[in-house]
Amino acid sequence: MKILFCHGLESSPNGRKATALRDAGHDVLAPPLPKDDFEPCVRMAAKSLAECRPDAIVGSSRGGAVAMRIASVSSVPLVLLAPAWRRFGVTPAVRRDTRILHGIKDDVVPLADSIELEQRNNLAAENLIPVNDDHRLASPLALAAFLRAVAEAAGTSSHTATPRHNQIKVIRPYLWEGIWVFDDPAVGLDKEALVAGMPELIEIATAKAGIAEPEKGFIALFSKDPFPGAQVCLQRVREENGGNVYRWPEVGREGWLCPALFRYFEEAPDTLYVEVRPSAGSISER
């Protein structure tokens, strides 16, 4: 498969991600993007796009912003790695089939920027892939997720699948007509209610995290495996009414998760790790 790779500001055409693509058997064109100015990078990448006619465009960090610019006039699938669109003033517009990987420990480009990009373009939830890594996205898990995203974007299936059980999931709860709800079209959920003790757990968790006006929407990352940044550890205590009751031992409270939990897990995890973060933008107009 032919890949046009736009490297990051501090990387090169022979960096770890470009090398991973080549090692996976792809034909990679990675133009040496100059450091001094953004617009020459866009022109160079656009020229490469016209010349090589790739099966997918991949952009990392600043290269993600470059890739977004050139992809706006192309139908080629796009894969972005912690795209620095905000830093380089790129309009946050991508096709709905765009895939985005972002490390939850990224201290260079905020994860919230990729979540905002997903929200603004109504991407499928599974197309935003948070991974347990920093901005470099150099861990084996991140590289495996990267190769899978590229393979899926171009419609191939020859690459090793990312371990789904390690994937960190994302929802965005908000208050709607006095009820905590969240939407996730990717798994068929619209205004799915969080009730029976969950509102109290939400209020405690968001207060501990210092989130102002959580009722306008906040981000919740969750996994059955521990990950850096998780502030809440919920322990499953029993099944009840088709759902499952979880306890937050630190605050001595319980909350009920409805059967929608099985849209994310094949069976109810014994432990759920959760991190809450401020949302990139208000969704109070919903």
# chains A, B, ... in the order shown; residues from 1 in each chain; ligands from 1

$ closest_atom_pairs --of "region 43-80 of chain A" --to "region 18-25 of chain A" --cutoff "12 Å" --atoms "only C-alpha atoms" --output "tab-separated table"
residue	atom	partner	partner_atom	distance
A:Ala56	CA	A:Leu21	CA	11.6
A:Ile57	CA	A:Ala18	CA	11.8
A:Val58	CA	A:Ala18	CA	9.4
A:Gly59	CA	A:Ala18	CA	10.2
A:Ser60	CA	A:Ala18	CA	9.9
A:Gly63	CA	A:Ala18	CA	12.0

$ write_last_selection --atoms "all heavy atoms" --output "PDB file, in the first residue's frame"
ATOM      1  N   ALA A  56      -3.393   6.249   1.298  1.00  0.00           N
ATOM      2  CA  ALA A  56      -3.739   6.908   2.559  1.00  0.00           C
ATOM      3  C   ALA A  56      -2.736   8.017   2.821  1.00  0.00           C
ATOM      4  O   ALA A  56      -1.585   7.945   2.406  1.00  0.00           O
ATOM      5  CB  ALA A  56      -3.748   5.912   3.715  1.00  0.00           C
ATOM      6  N   ILE A  57      -3.201   9.058   3.519  1.00  0.00           N
ATOM      7  CA  ILE A  57      -2.341  10.141   3.984  1.00  0.00           C
ATOM      8  C   ILE A  57      -2.234  10.009   5.492  1.00  0.00           C
ATOM      9  O   ILE A  57      -3.245   9.859   6.184  1.00  0.00           O
ATOM     10  CB  ILE A  57      -2.918  11.516   3.635  1.00  0.00           C
ATOM     11  CG1 ILE A  57      -3.140  11.658   2.126  1.00  0.00           C
ATOM     12  CG2 ILE A  57      -2.004  12.644   4.148  1.00  0.00           C
ATOM     13  CD1 ILE A  57      -3.932  12.902   1.750  1.00  0.00           C
ATOM     14  N   VAL A  58      -1.009  10.066   6.006  1.00  0.00           N
ATOM     15  CA  VAL A  58      -0.772  10.002   7.446  1.00  0.00           C
ATOM     16  C   VAL A  58      -0.030  11.263   7.862  1.00  0.00           C
ATOM     17  O   VAL A  58       0.943  11.661   7.203  1.00  0.00           O
ATOM     18  CB  VAL A  58       0.064   8.762   7.823  1.00  0.00           C
ATOM     19  CG1 VAL A  58       0.362   8.756   9.324  1.00  0.00           C
ATOM     20  CG2 VAL A  58      -0.670   7.477   7.427  1.00  0.00           C
ATOM     21  N   GLY A  59      -0.482  11.891   8.939  1.00  0.00           N
ATOM     22  CA  GLY A  59       0.182  13.089   9.430  1.00  0.00           C
ATOM     23  C   GLY A  59       0.372  13.035  10.922  1.00  0.00           C
ATOM     24  O   GLY A  59      -0.550  12.693  11.663  1.00  0.00           O
ATOM     25  N   SER A  60       1.590  13.366  11.389  1.00  0.00           N
ATOM     26  CA  SER A  60       1.918  13.304  12.811  1.00  0.00           C
ATOM     27  C   SER A  60       2.215  14.699  13.341  1.00  0.00           C
ATOM     28  O   SER A  60       3.069  15.407  12.797  1.00  0.00           O
ATOM     29  CB  SER A  60       3.138  12.394  13.021  1.00  0.00           C
ATOM     30  OG  SER A  60       3.529  12.371  14.368  1.00  0.00           O
ATOM     31  N   GLY A  63       2.820  17.605  11.215  1.00  0.00           N
ATOM     32  CA  GLY A  63       2.488  16.933   9.965  1.00  0.00           C
ATOM     33  C   GLY A  63       1.012  16.584   9.873  1.00  0.00           C
ATOM     34  O   GLY A  63       0.465  16.466   8.776  1.00  0.00           O
TER      35      GLY A  63
END

$ closest_atom_pairs --of "region 102-148 of chain A" --to "region 71-87 of chain A" --cutoff "7 Å" --atoms "only C-alpha atoms" --output "Markdown table"
| residue | atom | partner | partner_atom | distance |
| --- | --- | --- | --- | --- |
| A:His102 | CA | A:Ala82 | CA | 4.8 |
| A:Val109 | CA | A:Ala84 | CA | 6.1 |
| A:Ser114 | CA | A:Ala82 | CA | 6.9 |
| A:His135 | CA | A:Ala82 | CA | 6.9 |

$ select_by_dssp --residues "region 23-104 of chain A" --states "helix (DSSP H, G or I)" --output "number ranges by chain"
A: 23, 38-52, 62-71

$ write_last_selection --atoms "N, CA and C atoms" --output "PDB file, in the first residue's frame"
ATOM      1  N   ASP A  23       8.431  -1.045   7.641  1.00  0.00           N
ATOM      2  CA  ASP A  23       8.634  -2.394   8.153  1.00  0.00           C
ATOM      3  C   ASP A  23       7.387  -3.261   7.984  1.00  0.00           C
ATOM      4  N   PHE A  38       5.363  27.028   7.885  1.00  0.00           N
ATOM      5  CA  PHE A  38       4.302  26.039   7.699  1.00  0.00           C
ATOM      6  C   PHE A  38       3.855  25.946   6.243  1.00  0.00           C
ATOM      7  N   GLU A  39       3.681  27.072   5.588  1.00  0.00           N
ATOM      8  CA  GLU A  39       3.132  27.056   4.233  1.00  0.00           C
ATOM      9  C   GLU A  39       4.007  26.309   3.225  1.00  0.00           C
ATOM     10  N   PRO A  40       5.348  26.447   3.283  1.00  0.00           N
ATOM     11  CA  PRO A  40       6.155  25.620   2.382  1.00  0.00           C
ATOM     12  C   PRO A  40       5.955  24.125   2.606  1.00  0.00           C
ATOM     13  N   CYS A  41       5.695  23.731   3.861  1.00  0.00           N
ATOM     14  CA  CYS A  41       5.401  22.323   4.154  1.00  0.00           C
ATOM     15  C   CYS A  41       4.132  21.873   3.439  1.00  0.00           C
ATOM     16  N   VAL A  42       3.117  22.734   3.477  1.00  0.00           N
ATOM     17  CA  VAL A  42       1.853  22.400   2.822  1.00  0.00           C
ATOM     18  C   VAL A  42       2.062  22.259   1.318  1.00  0.00           C
ATOM     19  N   ARG A  43       2.805  23.183   0.730  1.00  0.00           N
ATOM     20  CA  ARG A  43       3.038  23.117  -0.718  1.00  0.00           C
ATOM     21  C   ARG A  43       3.822  21.861  -1.101  1.00  0.00           C
ATOM     22  N   MET A  44       4.838  21.515  -0.294  1.00  0.00           N
ATOM     23  CA  MET A  44       5.636  20.332  -0.594  1.00  0.00           C
ATOM     24  C   MET A  44       4.791  19.061  -0.474  1.00  0.00           C
ATOM     25  N   ALA A  45       3.968  18.981   0.580  1.00  0.00           N
ATOM     26  CA  ALA A  45       3.121  17.801   0.777  1.00  0.00           C
ATOM     27  C   ALA A  45       2.065  17.704  -0.319  1.00  0.00           C
ATOM     28  N   ALA A  46       1.494  18.845  -0.731  1.00  0.00           N
ATOM     29  CA  ALA A  46       0.486  18.841  -1.790  1.00  0.00           C
ATOM     30  C   ALA A  46       1.100  18.354  -3.108  1.00  0.00           C
ATOM     31  N   LYS A  47       2.336  18.762  -3.378  1.00  0.00           N
ATOM     32  CA  LYS A  47       3.028  18.311  -4.585  1.00  0.00           C
ATOM     33  C   LYS A  47       3.237  16.792  -4.554  1.00  0.00           C
ATOM     34  N   SER A  48       3.636  16.279  -3.384  1.00  0.00           N
ATOM     35  CA  SER A  48       3.826  14.832  -3.233  1.00  0.00           C
ATOM     36  C   SER A  48       2.520  14.085  -3.405  1.00  0.00           C
ATOM     37  N   LEU A  49       1.439  14.656  -2.877  1.00  0.00           N
ATOM     38  CA  LEU A  49       0.120  14.023  -3.013  1.00  0.00           C
ATOM     39  C   LEU A  49      -0.261  13.903  -4.483  1.00  0.00           C
ATOM     40  N   ALA A  50      -0.046  14.963  -5.224  1.00  0.00           N
ATOM     41  CA  ALA A  50      -0.410  14.942  -6.645  1.00  0.00           C
ATOM     42  C   ALA A  50       0.445  13.950  -7.433  1.00  0.00           C
ATOM     43  N   GLU A  51       1.693  13.808  -7.029  1.00  0.00           N
ATOM     44  CA  GLU A  51       2.614  12.960  -7.772  1.00  0.00           C
ATOM     45  C   GLU A  51       2.463  11.469  -7.468  1.00  0.00           C
ATOM     46  N   CYS A  52       2.226  11.134  -6.178  1.00  0.00           N
ATOM     47  CA  CYS A  52       2.273   9.711  -5.810  1.00  0.00           C
ATOM     48  C   CYS A  52       0.915   9.035  -5.742  1.00  0.00           C
ATOM     49  N   ARG A  62       2.699  18.327  13.859  1.00  0.00           N
ATOM     50  CA  ARG A  62       2.614  19.379  12.854  1.00  0.00           C
ATOM     51  C   ARG A  62       2.277  18.777  11.496  1.00  0.00           C
ATOM     52  N   GLY A  63       2.820  17.605  11.215  1.00  0.00           N
ATOM     53  CA  GLY A  63       2.488  16.933   9.965  1.00  0.00           C
ATOM     54  C   GLY A  63       1.012  16.584   9.873  1.00  0.00           C
ATOM     55  N   GLY A  64       0.356  16.418  11.027  1.00  0.00           N
ATOM     56  CA  GLY A  64      -1.079  16.200  11.031  1.00  0.00           C
ATOM     57  C   GLY A  64      -1.824  17.425  10.539  1.00  0.00           C
ATOM     58  N   ALA A  65      -1.344  18.613  10.966  1.00  0.00           N
ATOM     59  CA  ALA A  65      -1.951  19.854  10.480  1.00  0.00           C
ATOM     60  C   ALA A  65      -1.721  20.009   8.981  1.00  0.00           C
ATOM     61  N   VAL A  66      -0.521  19.665   8.526  1.00  0.00           N
ATOM     62  CA  VAL A  66      -0.223  19.700   7.096  1.00  0.00           C
ATOM     63  C   VAL A  66      -1.140  18.739   6.335  1.00  0.00           C
ATOM     64  N   ALA A  67      -1.274  17.529   6.859  1.00  0.00           N
ATOM     65  CA  ALA A  67      -2.114  16.516   6.203  1.00  0.00           C
ATOM     66  C   ALA A  67      -3.567  16.963   6.128  1.00  0.00           C
ATOM     67  N   MET A  68      -4.049  17.629   7.171  1.00  0.00           N
ATOM     68  CA  MET A  68      -5.424  18.129   7.157  1.00  0.00           C
ATOM     69  C   MET A  68      -5.618  19.146   6.037  1.00  0.00           C
ATOM     70  N   ARG A  69      -4.626  19.993   5.832  1.00  0.00           N
ATOM     71  CA  ARG A  69      -4.726  21.011   4.778  1.00  0.00           C
ATOM     72  C   ARG A  69      -4.789  20.367   3.401  1.00  0.00           C
ATOM     73  N   ILE A  70      -3.896  19.419   3.125  1.00  0.00           N
ATOM     74  CA  ILE A  70      -3.872  18.848   1.773  1.00  0.00           C
ATOM     75  C   ILE A  70      -5.014  17.865   1.553  1.00  0.00           C
ATOM     76  N   ALA A  71      -5.489  17.238   2.639  1.00  0.00           N
ATOM     77  CA  ALA A  71      -6.580  16.269   2.508  1.00  0.00           C
ATOM     78  C   ALA A  71      -7.905  16.954   2.223  1.00  0.00           C
TER      79      ALA A  71
END

$ closest_atom_pairs --of "region 13-118 of chain A" --to "region 172-193 of chain A" --cutoff "12 Å" --atoms "only C-alpha atoms" --output "Markdown table"
| residue | atom | partner | partner_atom | distance |
| --- | --- | --- | --- | --- |
| A:Ala112 | CA | A:Arg172 | CA | 11.6 |
| A:Ile115 | CA | A:Arg172 | CA | 9.8 |
| A:Glu116 | CA | A:Arg172 | CA | 11.2 |
| A:Glu118 | CA | A:Arg172 | CA | 11.8 |

$ write_last_selection --atoms "N, CA, C and O atoms" --output "mmCIF file, in the first residue's frame"
data_model
loop_
_atom_site.group_PDB
_atom_site.id
_atom_site.type_symbol
_atom_site.label_atom_id
_atom_site.label_comp_id
_atom_site.auth_asym_id
_atom_site.auth_seq_id
_atom_site.Cartn_x
_atom_site.Cartn_y
_atom_site.Cartn_z
ATOM 1 N N ALA A 112 -7.674 17.018 24.270
ATOM 2 C CA ALA A 112 -8.931 17.738 24.047
ATOM 3 C C ALA A 112 -9.032 18.289 22.630
ATOM 4 O O ALA A 112 -10.136 18.403 22.080
ATOM 5 N N ILE A 115 -10.320 15.462 20.559
ATOM 6 C CA ILE A 115 -11.719 15.207 20.893
ATOM 7 C C ILE A 115 -12.606 16.277 20.266
ATOM 8 O O ILE A 115 -13.687 15.990 19.735
ATOM 9 N N GLU A 116 -12.144 17.529 20.284
ATOM 10 C CA GLU A 116 -12.909 18.600 19.634
ATOM 11 C C GLU A 116 -13.001 18.355 18.126
ATOM 12 O O GLU A 116 -14.052 18.568 17.515
ATOM 13 N N GLU A 118 -12.961 15.498 16.639
ATOM 14 C CA GLU A 118 -13.935 14.407 16.470
ATOM 15 C C GLU A 118 -15.358 14.939 16.591
ATOM 16 O O GLU A 118 -16.228 14.615 15.777
#

$ residues_around --residues "Lys105 (chain A)" --least-positions-apart "5" --cutoff "10 Å" --atoms "only C-alpha atoms" --output "PyMOL selection string"
chain A and resi 110-111+130-137+227-229

$ write_last_selection --atoms "C-alpha atoms" --output "PDB file, in the first residue's frame"
ATOM      1  CA  PRO A 110      -3.829  18.346  24.241  1.00  0.00           C
ATOM      2  CA  LEU A 111      -6.027  15.285  23.822  1.00  0.00           C
ATOM      3  CA  PRO A 130      -6.798   7.254  22.841  1.00  0.00           C
ATOM      4  CA  VAL A 131      -3.738   5.204  23.742  1.00  0.00           C
ATOM      5  CA  ASN A 132      -1.654   4.929  26.889  1.00  0.00           C
ATOM      6  CA  ASP A 133       1.322   6.911  25.619  1.00  0.00           C
ATOM      7  CA  ASP A 134       2.757  10.406  25.309  1.00  0.00           C
ATOM      8  CA  HIS A 135       3.154  12.655  22.264  1.00  0.00           C
ATOM      9  CA  ARG A 136       5.703  10.384  20.615  1.00  0.00           C
ATOM     10  CA  LEU A 137       3.249   7.459  20.300  1.00  0.00           C
ATOM     11  CA  PHE A 227      -3.933   3.783  32.967  1.00  0.00           C
ATOM     12  CA  PRO A 228      -2.062   6.951  34.012  1.00  0.00           C
ATOM     13  CA  GLY A 229      -4.396   9.798  34.908  1.00  0.00           C
TER      14      GLY A 229
END

$ select_by_dssp --residues "region 58-235 of chain A" --states "strand (DSSP E)" --output "ChimeraX atom specification"
/A:58-60,78-81,99-103,128-131,169-171,174-176,179-184,189-194,218-223,232-235

$ atom_distance --atom1 "CA of Tyr273 (chain A)" --atom2 "CA of Ile202 (chain A)"
13.6 Å

$ residues_around --residues "Val195 (chain A)" --least-positions-apart "3" --cutoff "7 Å" --atoms "only C-alpha atoms" --output "tab-separated table (two decimals) with all heavy atoms, in the first residue's frame"
chain	number	residue	atom	x	y	z
A	198	MET	N	-25.26	7.19	39.99
A	198	MET	CA	-24.22	7.71	39.10
A	198	MET	C	-24.14	9.23	39.12
A	198	MET	O	-23.03	9.79	39.05
A	198	MET	CB	-24.43	7.19	37.68
A	198	MET	CG	-24.19	5.70	37.51
A	198	MET	SD	-22.58	5.14	38.17
A	198	MET	CE	-21.45	6.09	37.17
A	199	PRO	N	-25.29	9.97	39.22
A	199	PRO	CA	-25.16	11.44	39.27
A	199	PRO	C	-24.31	11.91	40.45
A	199	PRO	O	-23.49	12.83	40.30
A	199	PRO	CB	-26.62	11.90	39.43
A	199	PRO	CG	-27.41	10.82	38.75
A	199	PRO	CD	-26.70	9.55	39.11
A	256	TRP	N	-25.21	2.56	39.71
A	256	TRP	CA	-25.66	1.48	38.83
A	256	TRP	C	-25.39	1.84	37.38
A	256	TRP	O	-25.72	2.93	36.91
A	256	TRP	CB	-27.16	1.27	39.02
A	256	TRP	CG	-27.77	0.18	38.19
A	256	TRP	CD1	-27.65	-1.17	38.36
A	256	TRP	CD2	-28.63	0.36	37.06
A	256	TRP	NE1	-28.38	-1.84	37.41
A	256	TRP	CE2	-29.00	-0.93	36.59
A	256	TRP	CE3	-29.14	1.47	36.38
A	256	TRP	CZ2	-29.84	-1.13	35.50
A	256	TRP	CZ3	-29.97	1.28	35.30
A	256	TRP	CH2	-30.32	-0.01	34.86

$ closest_residue --among "A:Leu147, A:Ile171, A:Leu29, A:Val94" --to "Leu221 (chain A)" --atoms "only C-alpha atoms"
A:Ile171

$ atom_distance --atom1 "CA of Ile104 (chain A)" --atom2 "CA of Lys2 (chain A)"
29.0 Å

$ atom_distance --atom1 "CA of Arg120 (chain A)" --atom2 "CA of Gly8 (chain A)"
23.5 Å

$ closest_residue --among "A:Asp225, A:Glu275, A:Asp55, A:Asp270" --to "Lys208 (chain A)" --atoms "only C-alpha atoms"
A:Glu275

$ closest_residue --among "A:Arg263, A:Leu257, A:Glu240, A:Pro278" --to "Phe218 (chain A)" --atoms "only C-alpha atoms"
A:Pro278

$ residues_around --residues "Val232 (chain A)" --least-positions-apart "3" --cutoff "10 Å" --atoms "only C-alpha atoms" --output "PyMOL selection string"
chain A and resi 201+205+222+229+235+248-251+272-276
